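One file, structure-v1.cif, is given below (mmCIF, C-alpha atoms).
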data_structure
loop_
_atom_site.label_atom_id
_atom_site.label_comp_id
_atom_site.auth_asym_id
_atom_site.auth_seq_id
_atom_site.Cartn_x
_atom_site.Cartn_y
_atom_site.Cartn_z
CA MET A 19 87.80 102.60 97.42
CA ILE A 20 89.79 105.62 96.30
CA ILE A 21 89.57 107.02 92.77
CA ARG A 22 92.97 106.47 91.15
CA GLU A 23 92.81 109.56 89.00
CA LYS A 24 96.40 109.22 87.76
CA TYR A 25 95.39 106.09 85.85
CA MET A 26 91.85 107.19 85.04
CA ALA A 27 93.20 110.31 83.31
CA GLN A 28 95.44 108.18 81.08
CA ILE A 29 92.62 105.81 80.13
CA ARG A 30 89.87 108.44 79.78
CA SER A 31 91.12 109.81 76.45
CA PHE A 32 90.64 106.33 74.93
CA TYR A 33 87.03 105.76 76.05
CA GLU A 34 85.71 106.29 72.51
CA ASN A 35 88.65 104.66 70.71
CA ASP A 36 88.09 101.35 68.89
CA LEU A 37 91.40 99.94 70.17
CA ILE A 38 91.10 97.29 72.88
CA LYS A 39 91.92 98.87 76.23
CA VAL A 40 94.08 96.41 78.18
CA ILE A 41 94.44 97.02 81.92
CA THR A 42 97.57 95.17 83.02
CA GLY A 43 99.54 94.78 86.22
CA ILE A 44 100.50 92.40 88.98
CA ARG A 45 97.81 90.38 90.74
CA ARG A 46 95.73 92.26 93.30
CA CYS A 47 97.02 95.71 92.38
CA GLY A 48 93.49 97.00 91.74
CA LYS A 49 92.86 96.38 88.02
CA SER A 50 89.27 95.18 88.48
CA VAL A 51 88.45 98.15 90.70
CA ILE A 52 89.69 100.58 88.05
CA LEU A 53 87.62 98.72 85.44
CA LYS A 54 84.51 99.25 87.58
CA GLN A 55 85.39 102.90 88.18
CA ILE A 56 85.62 103.48 84.42
CA MET A 57 82.23 101.82 83.95
CA LYS A 58 80.66 103.89 86.72
CA GLU A 59 82.04 107.08 85.18
CA LEU A 60 80.63 106.17 81.75
CA GLU A 61 77.24 105.15 83.19
CA SER A 62 77.02 108.50 84.98
CA THR A 63 76.98 110.18 81.54
CA GLY A 64 74.23 107.90 80.24
CA LYS A 65 76.45 105.39 78.37
CA ARG A 66 75.34 101.76 78.07
CA CYS A 67 77.78 99.35 79.71
CA LEU A 68 78.12 95.57 79.97
CA PHE A 69 80.36 94.08 82.68
CA LEU A 70 81.32 90.39 82.72
CA ASP A 71 83.51 88.92 85.48
CA PHE A 72 84.93 85.61 84.28
CA ASP A 73 86.20 84.77 87.75
CA LEU A 74 82.58 83.95 88.56
CA ARG A 75 81.70 80.34 87.81
CA PRO A 76 78.15 81.04 86.49
CA ILE A 77 79.59 83.49 83.94
CA ARG A 78 82.33 81.07 82.88
CA THR A 79 79.79 78.26 82.50
CA GLN A 80 77.43 80.40 80.42
CA ILE A 81 80.20 81.93 78.29
CA PRO A 82 83.03 79.37 77.95
CA ASN A 83 84.49 80.38 74.58
CA ALA A 84 84.82 83.07 71.93
CA ASP A 85 81.68 82.11 70.00
CA ALA A 86 79.57 82.16 73.16
CA LEU A 87 80.96 85.55 74.16
CA ILE A 88 80.27 87.09 70.76
CA ALA A 89 76.75 85.67 70.75
CA TYR A 90 76.11 86.94 74.29
CA VAL A 91 77.28 90.48 73.47
CA ASN A 92 75.25 90.51 70.24
CA LYS A 93 72.05 90.50 72.33
CA TYR A 94 73.04 93.88 73.80
CA LEU A 95 74.08 95.64 70.59
CA LYS A 96 71.90 98.57 69.52
CA ASN A 97 72.40 101.73 67.49
CA ASP A 98 74.22 103.52 70.29
CA LYS A 99 77.70 102.45 71.39
CA LEU A 100 78.09 99.66 73.92
CA TYR A 101 80.98 99.82 76.41
CA ILE A 102 82.13 96.28 77.21
CA PHE A 103 84.16 95.36 80.32
CA LEU A 104 85.65 91.86 80.41
CA ASP A 105 87.34 91.04 83.71
CA GLU A 106 89.70 88.01 83.92
CA ILE A 107 89.14 87.42 80.21
CA GLN A 108 91.81 84.70 80.04
CA ASN A 109 89.17 82.26 81.33
CA VAL A 110 87.41 82.39 77.94
CA THR A 111 88.77 79.96 75.34
CA GLU A 112 90.16 81.90 72.33
CA TRP A 113 89.39 85.16 74.13
CA ASN A 114 91.72 87.03 71.76
CA GLU A 115 89.56 86.09 68.77
CA ALA A 116 86.47 87.29 70.60
CA VAL A 117 87.78 90.73 71.58
CA ARG A 118 89.30 91.32 68.15
CA THR A 119 85.85 90.68 66.68
CA LEU A 120 83.97 92.75 69.27
CA ARG A 121 86.08 95.83 68.63
CA LEU A 122 84.82 95.88 65.03
CA TYR A 123 81.25 96.46 66.25
CA ASN A 124 79.91 99.74 67.63
CA THR A 125 81.68 99.08 70.92
CA SER A 126 84.50 100.15 73.17
CA VAL A 127 86.19 97.14 74.77
CA PHE A 128 88.12 97.07 78.07
CA ILE A 129 89.80 93.90 79.39
CA THR A 130 91.84 92.71 82.37
CA GLY A 131 93.30 89.39 83.40
CA SER A 132 96.08 87.66 85.29
CA ASN A 133 96.77 84.13 86.43
CA SER A 134 98.76 81.06 85.43
CA LYS A 135 96.84 80.72 82.16
CA LEU A 136 97.95 84.10 80.90
CA LEU A 137 100.14 86.60 82.67
CA SER A 138 99.30 90.29 82.35
CA ARG A 139 102.22 91.25 80.13
CA GLU A 140 101.36 88.45 77.70
CA PHE A 141 98.01 90.00 76.80
CA THR A 142 99.64 92.44 74.46
CA LYS A 143 101.24 89.59 72.49
CA GLU A 144 97.81 88.17 71.66
CA LEU A 145 96.25 91.30 70.19
CA SER A 146 98.58 92.10 67.28
CA GLY A 147 98.73 95.87 67.65
CA ARG A 148 94.98 96.35 68.05
CA TYR A 149 95.26 97.52 71.64
CA VAL A 150 96.47 100.22 73.97
CA SER A 151 97.71 99.05 77.37
CA PHE A 152 97.76 100.71 80.78
CA ARG A 153 99.89 99.28 83.55
CA ILE A 154 98.48 99.54 87.06
CA LYS A 155 100.79 99.26 90.06
CA PRO A 156 100.12 98.77 93.78
CA PHE A 157 99.42 101.95 95.72
CA VAL A 158 102.08 104.62 95.93
CA TYR A 159 102.25 106.14 99.40
CA ARG A 160 99.74 108.95 98.93
CA GLU A 161 97.19 106.43 97.62
CA ALA A 162 97.88 104.01 100.49
CA LYS A 163 97.51 106.85 102.98
CA GLU A 164 94.22 107.98 101.42
CA TYR A 165 92.81 104.45 101.42
CA ALA A 166 93.90 103.81 105.02
CA THR A 167 92.16 107.05 106.03
CA GLN A 168 88.98 105.80 104.35
CA LEU A 169 89.34 102.60 106.34
CA GLY A 170 89.76 104.62 109.53
CA ARG A 171 93.25 103.41 110.42
CA PRO A 172 96.76 104.87 110.50
CA TYR A 173 99.29 104.03 107.79
CA GLU A 174 102.47 106.02 108.14
CA ILE A 175 105.60 106.13 105.99
CA ASN A 176 107.36 103.51 108.11
CA ASP A 177 104.38 101.17 107.65
CA TYR A 178 104.59 101.69 103.90
CA LEU A 179 108.36 101.04 103.92
CA VAL A 180 107.65 97.58 105.32
CA TRP A 181 104.24 96.50 104.03
CA GLY A 182 103.97 98.37 100.74
CA GLY A 183 100.84 99.18 98.80
CA PHE A 184 98.74 96.15 97.87
CA PRO A 185 95.20 97.46 98.50
CA ALA A 186 93.84 94.37 100.28
CA ALA A 187 96.85 94.27 102.61
CA LEU A 188 95.70 97.59 104.08
CA GLU A 189 92.27 96.09 104.76
CA GLN A 190 93.62 93.47 107.15
CA PRO A 191 92.81 94.01 110.85
CA ASN A 192 96.35 93.67 112.21
CA GLU A 193 99.98 93.08 111.25
CA ASP A 194 99.75 89.28 111.54
CA ALA A 195 96.76 89.20 109.19
CA MET A 196 98.54 91.55 106.79
CA LYS A 197 101.60 89.30 106.75
CA ARG A 198 99.42 86.21 106.19
CA TYR A 199 97.62 87.88 103.27
CA LEU A 200 100.90 88.93 101.66
CA ASN A 201 102.41 85.47 102.09
CA ASP A 202 99.33 83.93 100.44
CA LEU A 203 99.55 86.43 97.59
CA ASN A 204 103.24 85.63 97.15
CA THR A 205 102.44 81.91 97.04
CA THR A 206 99.75 82.48 94.41
CA ILE A 207 101.96 84.59 92.16
CA ILE A 208 105.31 82.83 92.51
CA TYR A 209 104.35 79.22 93.00
CA ASN A 210 100.89 78.82 91.45
CA ASP A 211 101.09 81.30 88.57
CA LEU A 212 104.71 81.07 87.48
CA GLU A 213 105.57 77.46 88.29
CA ASN A 214 102.37 76.19 86.71
CA ARG A 215 102.43 78.57 83.76
CA TYR A 216 106.00 77.61 82.79
CA ASN A 217 105.91 74.02 84.03
CA ILE A 218 109.03 74.55 86.14
CA ARG A 219 110.43 71.17 87.15
CA LYS A 220 113.22 72.22 89.52
CA LYS A 221 110.89 74.17 91.77
CA ASP A 222 113.23 74.24 94.76
CA ILE A 223 115.97 75.95 92.72
CA PHE A 224 113.53 78.40 91.15
CA GLU A 225 112.17 79.33 94.58
CA ARG A 226 115.66 79.79 96.03
CA ILE A 227 116.57 82.17 93.19
CA VAL A 228 113.30 84.08 93.52
CA ASP A 229 113.81 84.46 97.27
CA PHE A 230 117.36 85.72 96.71
CA ILE A 231 116.26 88.27 94.10
CA LEU A 232 113.28 89.61 96.04
CA ILE A 233 115.13 90.00 99.32
CA SER A 234 118.03 91.67 97.47
CA ASN A 235 116.05 94.53 95.92
CA ALA A 236 117.81 97.74 94.88
CA ARG A 237 121.08 95.94 94.07
CA ILE A 238 122.95 95.74 90.78
CA PHE A 239 123.02 92.29 89.20
CA SER A 240 123.87 90.52 86.01
CA ALA A 241 122.56 87.06 85.17
CA LYS A 242 126.13 85.79 85.61
CA SER A 243 126.51 87.32 89.07
CA ILE A 244 123.28 85.61 90.17
CA ALA A 245 124.46 82.26 88.75
CA ASP A 246 127.82 82.71 90.50
CA TYR A 247 126.12 83.47 93.83
CA MET A 248 123.94 80.38 93.56
CA LYS A 249 127.03 78.31 92.75
CA GLY A 250 128.47 79.54 96.04
CA GLN A 251 125.34 78.14 97.68
CA ASN A 252 126.03 74.75 96.05
CA ILE A 253 123.30 75.27 93.46
CA SER A 254 124.37 74.74 89.88
CA ILE A 255 122.43 76.84 87.39
CA SER A 256 123.33 78.20 83.97
CA VAL A 257 123.26 81.86 82.98
CA PRO A 258 120.56 81.24 80.30
CA THR A 259 118.34 79.64 82.96
CA VAL A 260 118.80 82.65 85.26
CA ILE A 261 117.84 84.94 82.36
CA LYS A 262 114.77 82.81 81.75
CA TYR A 263 113.72 82.98 85.42
CA LEU A 264 114.21 86.75 85.48
CA ASP A 265 112.00 87.02 82.40
CA TYR A 266 109.29 85.01 84.17
CA LEU A 267 109.34 87.46 87.10
CA LYS A 268 109.17 90.41 84.72
CA GLU A 269 106.28 88.84 82.79
CA ALA A 270 104.26 88.69 86.02
CA TYR A 271 105.33 92.23 87.01
CA VAL A 272 107.02 90.89 90.15
CA ILE A 273 110.27 92.79 89.52
CA GLU A 274 111.39 95.90 87.68
CA ASP A 275 114.81 95.85 86.03
CA ILE A 276 116.48 99.23 85.60
CA PRO A 277 119.48 99.35 83.23
CA LEU A 278 122.68 101.26 83.90
CA TYR A 279 123.36 104.42 81.93
CA SER A 280 126.89 105.47 81.02
CA PRO A 281 127.32 109.19 80.33
CA LYS A 282 130.59 108.39 78.59
CA ALA A 283 128.88 106.10 76.07
CA LYS A 284 125.59 108.03 76.37
CA SER A 285 123.76 104.72 76.27
CA LYS A 286 122.32 101.98 78.45
CA LEU A 287 124.56 99.15 79.59
CA ASN A 288 122.17 96.27 79.00
CA TYR A 289 124.20 93.50 80.59
CA TYR A 290 123.88 94.97 84.12
CA TYR A 291 120.60 95.84 85.81
CA LYS A 292 119.43 97.08 89.15
CA LEU A 293 116.52 94.92 90.25
CA TYR A 294 113.59 96.24 92.25
CA ASP A 295 110.50 94.57 93.72
CA GLU A 296 107.12 95.62 92.36
CA ASP A 297 106.12 96.06 95.99
CA VAL A 298 108.46 96.20 99.00
CA SER A 299 106.31 93.66 100.86
CA PHE A 300 107.99 90.98 98.71
CA ASN A 301 111.20 91.83 100.59
CA SER A 302 109.62 92.17 104.03
CA ILE A 303 107.82 88.82 104.09
CA ARG A 304 111.18 87.13 103.46
CA VAL A 305 112.89 88.78 106.41
CA SER A 306 113.57 86.73 109.52
CA GLY A 307 112.08 88.36 112.60
CA ASN A 308 111.45 92.08 112.30
CA ARG A 309 114.78 93.42 111.05
CA TYR A 310 113.23 94.90 107.93
CA ASP A 311 115.47 96.28 105.18
CA LEU A 312 114.27 99.89 105.38
CA THR A 313 117.31 101.25 103.52
CA HIS A 314 116.79 99.28 100.30
CA ASN A 315 113.00 99.42 100.61
CA LEU A 316 113.23 103.22 100.76
CA GLU A 317 115.15 103.25 97.49
CA ASN A 318 112.61 100.83 96.04
CA ILE A 319 109.63 103.04 96.87
CA VAL A 320 111.43 106.09 95.43
CA LEU A 321 111.82 104.14 92.18
CA ASN A 322 108.11 103.25 92.20
CA GLU A 323 107.18 106.89 92.80
CA LEU A 324 109.37 108.08 89.91
CA ILE A 325 107.73 105.56 87.57
CA TYR A 326 104.31 106.71 88.82
CA MET A 327 105.30 110.31 88.02
CA GLY A 328 106.11 109.24 84.46
CA TYR A 329 109.90 109.47 84.38
CA GLU A 330 112.15 107.25 82.29
CA ILE A 331 114.60 105.76 84.77
CA THR A 332 118.14 104.43 84.48
CA VAL A 333 120.94 103.97 87.00
CA TYR A 334 123.68 106.57 86.42
CA ASN A 335 127.21 105.18 86.20
CA HIS A 336 129.76 107.99 86.41
CA LYS A 337 133.36 106.81 86.14
CA GLY A 338 132.52 103.64 88.03
CA ARG A 339 130.59 105.53 90.71
CA GLU A 340 126.87 104.81 90.92
CA ILE A 341 124.13 107.37 91.34
CA ASP A 342 120.86 105.61 92.08
CA PHE A 343 118.65 107.18 89.42
CA ARG A 344 118.82 109.24 86.27
CA ALA A 345 115.24 110.43 85.71
CA VAL A 346 114.22 111.97 82.39
CA LYS A 347 110.94 113.49 81.26
CA GLY A 348 110.66 115.77 78.27
CA ASN A 349 113.79 117.90 78.15
CA LYS A 350 114.49 117.74 81.90
CA THR A 351 117.04 115.41 83.51
CA TYR A 352 117.54 114.74 87.20
CA LEU A 353 120.25 112.81 89.06
CA ILE A 354 118.91 111.31 92.28
CA GLN A 355 120.74 109.71 95.18
CA VAL A 356 118.73 107.88 97.86
CA ALA A 357 119.81 107.15 101.43
CA TYR A 358 117.95 106.34 104.62
CA SER A 359 119.82 109.07 106.49
CA VAL A 360 122.77 111.42 106.04
CA ALA A 361 122.72 112.69 109.62
CA GLU A 362 126.06 111.08 110.38
CA GLU A 363 129.09 112.72 108.82
CA LYS A 364 130.36 109.55 107.16
CA ALA A 365 127.02 108.93 105.45
CA TYR A 366 126.76 112.60 104.45
CA ASP A 367 130.20 112.56 102.82
CA ARG A 368 129.54 109.27 101.03
CA GLU A 369 126.19 110.26 99.54
CA PHE A 370 126.95 113.85 98.58
CA SER A 371 130.37 112.98 97.13
CA ALA A 372 128.59 110.84 94.51
CA PHE A 373 127.79 114.12 92.74
CA ALA A 374 131.40 115.35 92.76
CA SER A 375 132.85 116.23 89.34
CA ILE A 376 129.41 116.05 87.66
CA ASP A 377 128.40 119.29 85.98
CA ASN A 378 125.15 121.06 86.77
CA THR A 379 123.33 120.41 83.49
CA ALA A 380 121.08 118.02 85.42
CA LYS A 381 119.37 118.91 88.69
CA LYS A 382 121.01 116.98 91.56
CA ILE A 383 118.73 115.62 94.27
CA ILE A 384 119.23 113.53 97.39
CA ILE A 385 116.24 111.92 99.12
CA THR A 386 116.45 110.74 102.72
CA ASN A 387 114.17 109.99 105.67
CA ASP A 388 115.80 112.79 107.71
CA ASP A 389 113.78 115.69 109.08
CA PHE A 390 116.54 118.29 108.74
CA ASP A 391 117.12 119.96 105.35
CA TYR A 392 120.66 119.14 104.12
CA SER A 393 120.47 121.05 100.80
CA THR A 394 123.65 122.64 99.50
CA SER A 395 124.28 125.22 96.79
CA THR A 396 124.40 122.45 94.15
CA VAL A 397 122.39 119.55 95.61
CA TYR A 398 118.72 119.72 96.61
CA HIS A 399 117.72 117.61 99.61
CA TYR A 400 114.16 116.26 99.59
CA ARG A 401 112.82 114.83 102.80
CA LEU A 402 111.05 111.56 102.05
CA ARG A 403 107.77 112.75 103.53
CA ASP A 404 107.81 115.73 101.15
CA PHE A 405 108.96 113.77 98.10
CA LEU A 406 106.14 111.20 98.52
CA LEU A 407 103.56 113.96 98.07
CA LYS A 408 105.13 115.49 94.95
CA ASN A 409 103.64 115.19 91.47
CA GLU A 410 106.86 116.30 89.76
CA LEU A 411 110.53 116.61 90.70
#

Encoded form (structure tokens):
Amino acid sequence: MIIREKYMAQIRSFYENDLIKVITGIRRCGKSVILKQIMKELESTGKRCLFLDFDLRPIRTQIPNADALIAYVNKYLKNDKLYIFLDEIQNVTEWNEAVRTLRLYNTSVFITGSNSKLLSREFTKELSGRYVSFRIKPFVYREAKEYATQLGRPYEINDYLVWGGFPAALEQPNEDAMKRYLNDLNTTIIYNDLENRYNIRKKDIFERIVDFILISNARIFSAKSIADYMKGQNISISVPTVIKYLDYLKEAYVIEDIPLYSPKAKSKLNYYYKLYDEDVSFNSIRVSGNRYDLTHNLENIVLNELIYMGYEITVYNHKGREIDFRAVKGNKTYLIQVAYSVAEEKAYDREFSAFASIDNTAKKIIITNDDFDYSTSTVYHYRLRDFLLKNEL
């Protein structure tokens, strides 16, 4: 398994902190692996560590609740600090009481968890400010490429545009097995986790809406526009219910909603969002045949890369004309347009004209899958293969 240094570097400065370190993220994005990598790093410096995986039945049976967990850890406490790693902690009854108590000892506590009992984002609600959280995402391209190389198999950009970056998907022996794994993961997250967690009664309607949202990534929506579309499909659903379903998907880190930014108002327009899939495979497994939506998936992976780089992202709305991303970090602002190709004149004119009448206070960038460099005096063109290897814009 690769070392995900981007995340390790963020977490490392909190190793000695008494706050609870919460590792969050969508199912199967690699949270448990990072937990074990942290432990291995600490053990290599002589630190004492205790790892408990509550997905294992013997551990759950021996330590079913908060009192049992506290008593179990007490046996390992000594004068030197103990580093405690609790994987899938939601399987412990009153786990929040246990970890809040354990952090008061001479310990450093790290936790992960995700299933229908408690979705990742909900962990932070249970700890009342006594935590610091780190969100882990599926592999960005450079990580997927590195892991595939370790596995001794090719994984090119076009593969990533279709099948995304869930680590275990790359381990599958062929495309059919990869698709089967991703479909099973989708079933676990959407149907088992969300429908069970929220006791959704009208499952067929919920699943229709989820399918529509995930196959329509990188489009601008409002809750009303989704309700109106479903009405056109002879499905009656209220706007508040759509909002509730969107919140469920966000709670499980299935989608990312990016608000629109108006330079005129200099603020976010919170009633419209552009919705993106956490991983483009959620789009691809819903496609009939093999006509994969490479255009919108490309925009989706650019968004994931920008988040990975640490930019604050909004969609830029300039006089009713959309530019895909406004990316801000520190005192630097970038306007970014994404297209699969601008080789044809019509596509070139459409994409580059989006920057017309915008001053040059922000760096203007267009990202495409073309090989030729289409940079102009005012707009930088990044080839996708180059952009995916960048650490900064």

From the set A:Asn409, A:Thr379, A:Gln190, A:Asn315, which residue has the shortest atom-to-atom contact distance to Met327 of chain A, counting all atoms listed in the file?
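The closest residue to Met327 of chain A is A:Asn409.
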
As an NGL selection string, please: the residues near Ile81 of chain A (cut-off 8 Å, only C-alpha atoms, same-chain neighbours under 4 positions excluded).
:A and (77 or 86-87 or 90 or 110)

Decode the PyMOL selection byres ((chain A and resi 209) around 12) for the given file into explicit residues and return them as a ChimeraX atom specification.
/A:133-134,201-208,210-222,224-226,228-229,266-267,270

For the PyMOL selection byres ((chain A and resi 42-50) around 7), applied here, can you spell out every residue it catches as a VMD selection string?
chain A and resid 40 to 41 51 to 54 105 130 132 138 to 139 151 to 156 184 to 185 270 to 272

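Nearest to Tyr165 of chain A of all the residues A:Asp388, A:Glu189, A:Arg401, A:Arg121 is A:Glu189, based on all atoms listed in the file.
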
Run the PyMOL selection byres ((chain A and resi 373) around 10) against the file shown and list the residues it catches, as a ChimeraX atom specification.
/A:336,339-341,353-355,368-372,374-378,382-384,396-397

Suppose you want the space between atom CA of Glu269 of chain A and atom CA of Ser254 of chain A; what is it in Å?
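So the two atoms, atom CA of Glu269 of chain A and atom CA of Ser254 of chain A, lie 24.0 Å apart.
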
Would you list the residues near (123.5, 94.3, 88.4), meaning any protein, DNA or RNA residue with an atom at most 7 Å from that point in file coordinates, counting all atoms listed in the file, as a ChimeraX atom specification?
/A:237-240,290-292

Pick out the residues sitting within 12 Å of Thr386 of chain A, and hand them over as a PyMOL selection string; count all atoms listed in the file, and ignore anything fewer than 6 positions along from it in its own chain.
chain A and resi 312-314+316-317+319-320+354-361+365-366+369-370+392-393+398-406

Atom completion result for segment 259-278 of chain A (N, CA and C atoms) as an mmCIF file, in the frame of the given file:
data_model
loop_
_atom_site.group_PDB
_atom_site.id
_atom_site.type_symbol
_atom_site.label_atom_id
_atom_site.label_comp_id
_atom_site.auth_asym_id
_atom_site.auth_seq_id
_atom_site.Cartn_x
_atom_site.Cartn_y
_atom_site.Cartn_z
ATOM 1 N N THR A 259 119.475 79.975 82.102
ATOM 2 C CA THR A 259 118.340 79.640 82.960
ATOM 3 C C THR A 259 118.013 80.799 83.895
ATOM 4 N N VAL A 260 119.035 81.466 84.421
ATOM 5 C CA VAL A 260 118.800 82.650 85.260
ATOM 6 C C VAL A 260 118.062 83.713 84.454
ATOM 7 N N ILE A 261 118.505 83.956 83.223
ATOM 8 C CA ILE A 261 117.840 84.940 82.360
ATOM 9 C C ILE A 261 116.372 84.564 82.159
ATOM 10 N N LYS A 262 116.138 83.285 81.953
ATOM 11 C CA LYS A 262 114.770 82.810 81.750
ATOM 12 C C LYS A 262 113.916 83.053 82.993
ATOM 13 N N TYR A 263 114.460 82.765 84.180
ATOM 14 C CA TYR A 263 113.720 82.980 85.420
ATOM 15 C C TYR A 263 113.437 84.466 85.652
ATOM 16 N N LEU A 264 114.420 85.305 85.354
ATOM 17 C CA LEU A 264 114.210 86.750 85.480
ATOM 18 C C LEU A 264 113.086 87.218 84.555
ATOM 19 N N ASP A 265 113.066 86.669 83.349
ATOM 20 C CA ASP A 265 112.000 87.020 82.400
ATOM 21 C C ASP A 265 110.635 86.606 82.933
ATOM 22 N N TYR A 266 110.558 85.452 83.589
ATOM 23 C CA TYR A 266 109.290 85.010 84.170
ATOM 24 C C TYR A 266 108.802 86.027 85.201
ATOM 25 N N LEU A 267 109.710 86.490 86.061
ATOM 26 C CA LEU A 267 109.340 87.460 87.100
ATOM 27 C C LEU A 267 108.898 88.779 86.480
ATOM 28 N N LYS A 268 109.558 89.177 85.396
ATOM 29 C CA LYS A 268 109.170 90.410 84.720
ATOM 30 C C LYS A 268 107.814 90.256 84.040
ATOM 31 N N GLU A 269 107.554 89.084 83.452
ATOM 32 C CA GLU A 269 106.280 88.840 82.790
ATOM 33 C C GLU A 269 105.115 89.008 83.759
ATOM 34 N N ALA A 270 105.316 88.602 85.010
ATOM 35 C CA ALA A 270 104.260 88.690 86.020
ATOM 36 C C ALA A 270 104.297 90.006 86.780
ATOM 37 N N TYR A 271 105.164 90.925 86.358
ATOM 38 C CA TYR A 271 105.330 92.230 87.010
ATOM 39 C C TYR A 271 105.761 92.100 88.460
ATOM 40 N N VAL A 272 106.526 91.070 88.789
ATOM 41 C CA VAL A 272 107.020 90.890 90.150
ATOM 42 C C VAL A 272 108.238 91.771 90.408
ATOM 43 N N ILE A 273 109.071 91.962 89.378
ATOM 44 C CA ILE A 273 110.270 92.790 89.520
ATOM 45 C C ILE A 273 110.320 93.837 88.408
ATOM 46 N N GLU A 274 111.100 94.856 88.670
ATOM 47 C CA GLU A 274 111.390 95.900 87.680
ATOM 48 C C GLU A 274 112.907 95.908 87.500
ATOM 49 N N ASP A 275 113.363 95.796 86.260
ATOM 50 C CA ASP A 275 114.810 95.850 86.030
ATOM 51 C C ASP A 275 115.167 97.194 85.392
ATOM 52 N N ILE A 276 116.082 97.898 86.040
ATOM 53 C CA ILE A 276 116.480 99.230 85.600
ATOM 54 C C ILE A 276 117.906 99.148 85.065
ATOM 55 N N PRO A 277 118.125 99.458 83.796
ATOM 56 C CA PRO A 277 119.480 99.350 83.230
ATOM 57 C C PRO A 277 120.393 100.459 83.713
ATOM 58 N N LEU A 278 121.695 100.230 83.589
ATOM 59 C CA LEU A 278 122.680 101.260 83.900
ATOM 60 C C LEU A 278 122.870 102.163 82.693
#
